[in-house]
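Peer 1: Here it is: the structure, laid out below.
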Amino acid sequence: NDKGTKMKGFKQIILVVSAIFSLGYGQVSDEELFDISSALWDGDDNSMKDAVTYSEDGFRLFQSVDENRLSQGTYGRFQDLMVFYEPEIGIADNCGTGTSCYAAQEALLDLIMTSHPITTVHPFLASKGLASSSISGFRNEIRQYFFQEFSRSGGQALDSSGFEHTLLGEVRNGDEITGFHGWIQAYILERDGDFQLNSYDQTCQPDVARTGFSWDVRGSTYTKSVSSISIGNSVEAEIALYTLCFLARPNASCRVMLEGNNRAVQTYKIGRASC
């Protein structure tokens with residue numbers, strides 16, 4: 001039956017992710033992590049940091065964003081894709097093979113796979129035995145890490161993915177936001193009146209906001225007390241960085257070097273992610 005099929009799919013994903021996490025923790029040294037993260041992030045030639053200004057008055061997160069730049073390349077493909085996702089946990093996203101959502105994922109991947117961050121991190125991960133040596137194989141792996149659907153509702157629905165959780169965010173329990181670390185989603189929601197900044201702390205690291213905020217979804221308000229959002233970086237830089245940490249520091253704090261600043265990315269196994 002349909003529920004049994006969903007649960008079977010969920011169990012298969014758990015097995016796949018468990019296998020991934022049994023790979024080479026310790027194969028990548030801290031120094032190597034600093035070097036490769038800095039190379040992929042600082043060399044990002046599609047960053048919008050020069051096209052975004054954000055407010056520090058505590059009332060709004062963004063002061064201005066170049067909408068023309070935001071409509072182009074991976075930014076435009078990202079927006080084409082984000083509309084297919086249902087934020088409420090327990091409701092299926094329906095992004096399987098053959099759907100319009102799947103086609104939008106493929107269009108985004110087409111651009112991402114030729115970008116500087118991905119072509120920088122791929123040979124490094126392949127040399128460590130943590131990624132396929134071919135770019136087509138690596139593309140399939142990135143698709144699995146970010147776009148494979150799984151359940152956060154105990155098998156009720158295939159309602160989540162790494163992409164949705166991390167870059168778009170999800171809502172649950174009537175009032176709670178989970179995930180949501182993507183600046184593009186935050187900007188679009190704030191522009192459209194569905195994102196309210198509740199708290200703002202300036203960090204010592206440039207272009208990183210530590211915020212508390214509310215998200216209005218179909219007339220209901222959901223909140224997150226604190227979330228770190230890196231502002232202005234490209235979609236491909238985020239995906240490359242999270243892939244690096246997902247493989248090099250599974251279920252752990254991944255120390256990276258971004259624009260000369262020591263930062264941490266926390267990775268979780270499926271079933272434990274609650275940030």
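Following the order of the structure tokens, first chain is A, next is B, and so on, with residues numbered from 1 inside each chain and ligands from 1 in the order they appear.
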Report as a PyMOL selection string all protein, DNA and RNA residues lying within 12 Å of Ser55 of chain A, evaluated on only C-alpha atoms, omitting residues in the same chain fewer than 4 positions from it.
Peer 2: chain A and resi 59-65+187+197+200-202+207+209+211+231
Peer 1: Please report, as a list in words, each residue of segment 112-174 of chain A to which DSSP assigns strand (DSSP E or B) when run on this structure's backbone.
Peer 2: Phe150, Ser160, Glu170, Val171 and Arg172 of chain A
Peer 1: For the residues in that selection, give me C-alpha atoms as an mmCIF file, in the first residue's frame.
Peer 2:
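As written to disk, part_37.cif reads:
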```
data_model
loop_
_atom_site.group_PDB
_atom_site.id
_atom_site.type_symbol
_atom_site.label_atom_id
_atom_site.label_comp_id
_atom_site.auth_asym_id
_atom_site.auth_seq_id
_atom_site.Cartn_x
_atom_site.Cartn_y
_atom_site.Cartn_z
ATOM 1 C CA PHE A 150 12.509 11.489 2.964
ATOM 2 C CA SER A 160 11.568 16.817 3.406
ATOM 3 C CA GLU A 170 10.251 23.887 7.237
ATOM 4 C CA VAL A 171 7.490 24.366 9.813
ATOM 5 C CA ARG A 172 5.959 21.950 12.313
#
```
Peer 1: Quick one: residues within 9 Å of Tyr145 of chain A, only C-alpha atoms counted, chain neighbours fewer than 2 positions away excluded, as a list of chain:residue names?
Peer 2: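 In the requested form, the answer reads A:Val17, A:Asn140, A:Glu141, A:Ile142, A:Arg143, A:Phe147, A:Gln148, A:Ser161, A:Gly162, A:Phe163, A:Thr243, A:Phe246.
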Peer 1: List the spatial neighbours of Val208 of chain A as a ChimeraX atom specification - criterion: any atom at most 7 Å away, only C-alpha atoms, same-chain residues fewer than 4 positions off excluded.
Peer 2: /A:203,228-231
Peer 1: The selected residues should be written to file as an mmCIF file, in the first residue's frame (atoms: N, CA and C atoms).
Peer 2:
```
data_model
loop_
_atom_site.group_PDB
_atom_site.id
_atom_site.type_symbol
_atom_site.label_atom_id
_atom_site.label_comp_id
_atom_site.auth_asym_id
_atom_site.auth_seq_id
_atom_site.Cartn_x
_atom_site.Cartn_y
_atom_site.Cartn_z
ATOM 1 N N THR A 203 27.415 39.632 14.353
ATOM 2 C CA THR A 203 28.498 38.738 14.732
ATOM 3 C C THR A 203 29.831 39.370 14.349
ATOM 4 N N SER A 228 21.534 31.171 12.224
ATOM 5 C CA SER A 228 22.610 31.890 11.547
ATOM 6 C C SER A 228 22.390 31.826 10.040
ATOM 7 N N ILE A 229 22.422 32.981 9.396
ATOM 8 C CA ILE A 229 22.214 33.073 7.956
ATOM 9 C C ILE A 229 23.388 33.826 7.346
ATOM 10 N N SER A 230 24.096 33.171 6.434
ATOM 11 C CA SER A 230 25.201 33.813 5.721
ATOM 12 C C SER A 230 24.631 34.516 4.507
ATOM 13 N N ILE A 231 24.862 35.813 4.409
ATOM 14 C CA ILE A 231 24.170 36.647 3.435
ATOM 15 C C ILE A 231 25.042 36.920 2.205
#
```
Peer 1: Between atom CA of Asp30 of chain A and atom CA of Arg263 of chain A, what distance in Å does the model show, to one decimal?
Peer 2: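 Rounded to one decimal, the two atoms are 12.1 Å apart.
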Peer 1: Residues at most 12 Å from segment 214-217 of chain A, counting only C-alpha atoms, excluding those fewer than 5 positions away in the same chain, as a VMD selection string?
Peer 2: chain A and resid 60 86 to 88 168 to 172 174 to 178 180 185 to 190 192 to 199 222 to 227
Peer 1: With N, CA, C and O atoms retained, could you export that selection as a CSV table (one decimal), in the first residue's frame?
Peer 2:
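Writing the result to again-v9.csv gives the following:
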```csv
chain,number,residue,atom,x,y,z
A,60,ARG,N,14.4,45.2,10.1
A,60,ARG,CA,14.4,44.4,8.9
A,60,ARG,C,15.8,43.8,8.7
A,60,ARG,O,16.8,44.3,9.2
A,86,GLU,N,6.5,22.4,-0.2
A,86,GLU,CA,5.5,22.6,0.8
A,86,GLU,C,6.2,22.7,2.2
A,86,GLU,O,6.8,21.7,2.6
A,87,PRO,N,6.2,23.9,2.8
A,87,PRO,CA,6.9,24.0,4.1
A,87,PRO,C,6.5,23.2,5.3
A,87,PRO,O,7.3,22.9,6.2
A,88,GLU,N,5.2,22.8,5.3
A,88,GLU,CA,4.7,22.1,6.5
A,88,GLU,C,5.1,20.6,6.5
A,88,GLU,O,4.8,19.9,5.5
A,168,LEU,N,15.6,26.4,2.5
A,168,LEU,CA,14.3,27.0,2.5
A,168,LEU,C,13.6,27.0,3.9
A,168,LEU,O,12.9,27.9,4.2
A,169,GLY,N,13.9,26.0,4.7
A,169,GLY,CA,13.2,25.9,6.0
A,169,GLY,C,11.9,25.1,6.0
A,169,GLY,O,11.3,25.0,4.9
A,170,GLU,N,11.5,24.6,7.1
A,170,GLU,CA,10.3,23.9,7.2
A,170,GLU,C,9.5,24.3,8.5
A,170,GLU,O,10.2,24.9,9.4
A,171,VAL,N,8.3,24.0,8.6
A,171,VAL,CA,7.5,24.4,9.8
A,171,VAL,C,6.8,23.1,10.4
A,171,VAL,O,6.5,22.2,9.6
A,172,ARG,N,6.6,23.1,11.7
A,172,ARG,CA,6.0,21.9,12.3
A,172,ARG,C,5.4,22.3,13.7
A,172,ARG,O,5.6,23.4,14.2
A,174,GLY,N,2.7,23.4,14.7
A,174,GLY,CA,1.8,24.6,14.8
A,174,GLY,C,2.5,25.9,15.1
A,174,GLY,O,1.9,27.0,14.9
A,175,ASP,N,3.8,25.9,15.4
A,175,ASP,CA,4.5,27.2,15.7
A,175,ASP,C,6.0,27.2,15.5
A,175,ASP,O,6.6,28.2,15.8
A,176,GLU,N,6.6,26.1,15.1
A,176,GLU,CA,8.0,26.0,15.1
A,176,GLU,C,8.6,26.0,13.7
A,176,GLU,O,8.1,25.3,12.8
A,177,ILE,N,9.7,26.7,13.5
A,177,ILE,CA,10.5,26.7,12.2
A,177,ILE,C,11.7,25.8,12.5
A,177,ILE,O,12.4,25.9,13.5
A,178,THR,N,12.0,24.9,11.5
A,178,THR,CA,13.2,24.1,11.7
A,178,THR,C,14.0,24.2,10.4
A,178,THR,O,13.5,24.4,9.3
A,180,PHE,N,16.2,26.3,7.8
A,180,PHE,CA,16.1,27.7,7.4
A,180,PHE,C,17.4,28.5,7.6
A,180,PHE,O,17.5,29.3,8.5
A,185,GLN,N,15.8,32.8,0.5
A,185,GLN,CA,14.5,32.5,1.0
A,185,GLN,C,14.1,33.6,2.0
A,185,GLN,O,13.0,34.2,2.0
A,186,ALA,N,15.0,34.0,2.9
A,186,ALA,CA,14.7,35.1,3.9
A,186,ALA,C,14.4,36.4,3.2
A,186,ALA,O,13.4,37.1,3.6
A,187,TYR,N,15.2,36.7,2.2
A,187,TYR,CA,14.9,38.0,1.5
A,187,TYR,C,13.6,38.0,0.8
A,187,TYR,O,12.8,39.0,0.9
A,188,ILE,N,13.3,37.0,0.0
A,188,ILE,CA,12.0,36.9,-0.7
A,188,ILE,C,10.8,37.0,0.2
A,188,ILE,O,9.8,37.7,0.0
A,189,LEU,N,10.9,36.2,1.3
A,189,LEU,CA,9.8,36.2,2.3
A,189,LEU,C,9.6,37.6,2.9
A,189,LEU,O,8.5,38.1,3.1
A,190,GLU,N,10.7,38.2,3.3
A,190,GLU,CA,10.7,39.6,3.9
A,190,GLU,C,10.1,40.6,2.9
A,190,GLU,O,9.3,41.4,3.3
A,192,ASP,N,8.1,40.1,0.6
A,192,ASP,CA,6.7,39.8,0.3
A,192,ASP,C,5.8,39.9,1.6
A,192,ASP,O,4.6,39.6,1.5
A,193,GLY,N,6.5,40.3,2.7
A,193,GLY,CA,5.7,40.5,3.9
A,193,GLY,C,5.4,39.3,4.8
A,193,GLY,O,4.6,39.3,5.7
A,194,ASP,N,6.1,38.2,4.5
A,194,ASP,CA,5.9,36.9,5.2
A,194,ASP,C,7.0,36.5,6.2
A,194,ASP,O,7.0,35.5,6.8
A,195,PHE,N,8.0,37.4,6.4
A,195,PHE,CA,9.1,37.2,7.3
A,195,PHE,C,9.2,38.4,8.2
A,195,PHE,O,9.3,39.6,7.7
A,196,GLN,N,9.3,38.2,9.5
A,196,GLN,CA,9.4,39.3,10.5
A,196,GLN,C,10.6,39.0,11.3
A,196,GLN,O,10.7,38.0,12.0
A,197,LEU,N,11.5,39.9,11.3
A,197,LEU,CA,12.7,39.8,12.2
A,197,LEU,C,12.3,40.1,13.6
A,197,LEU,O,11.8,41.2,13.9
A,198,ASN,N,12.6,39.2,14.5
A,198,ASN,CA,12.3,39.4,15.9
A,198,ASN,C,13.5,39.7,16.8
A,198,ASN,O,13.4,40.4,17.8
A,199,SER,N,14.7,39.3,16.3
A,199,SER,CA,16.0,39.7,17.0
A,199,SER,C,17.1,39.6,16.0
A,199,SER,O,17.0,39.0,15.0
A,222,TYR,N,4.9,31.0,12.5
A,222,TYR,CA,5.8,30.1,13.0
A,222,TYR,C,7.1,30.9,13.4
A,222,TYR,O,7.4,31.9,12.7
A,223,THR,N,7.8,30.4,14.4
A,223,THR,CA,9.0,31.2,14.9
A,223,THR,C,10.2,30.3,15.0
A,223,THR,O,10.1,29.1,15.2
A,224,LYS,N,11.4,31.0,15.0
A,224,LYS,CA,12.6,30.4,15.3
A,224,LYS,C,13.4,31.4,16.1
A,224,LYS,O,13.6,32.5,15.7
A,225,SER,N,13.8,30.9,17.3
A,225,SER,CA,14.5,31.9,18.3
A,225,SER,C,15.8,32.3,17.8
A,225,SER,O,16.2,33.5,18.1
A,226,VAL,N,16.6,31.4,17.2
A,226,VAL,CA,17.9,31.8,16.7
A,226,VAL,C,18.3,31.0,15.5
A,226,VAL,O,18.1,29.8,15.5
A,227,SER,N,18.9,31.7,14.5
A,227,SER,CA,19.4,31.0,13.3
A,227,SER,C,20.5,31.8,12.7
A,227,SER,O,20.4,33.0,12.7
```
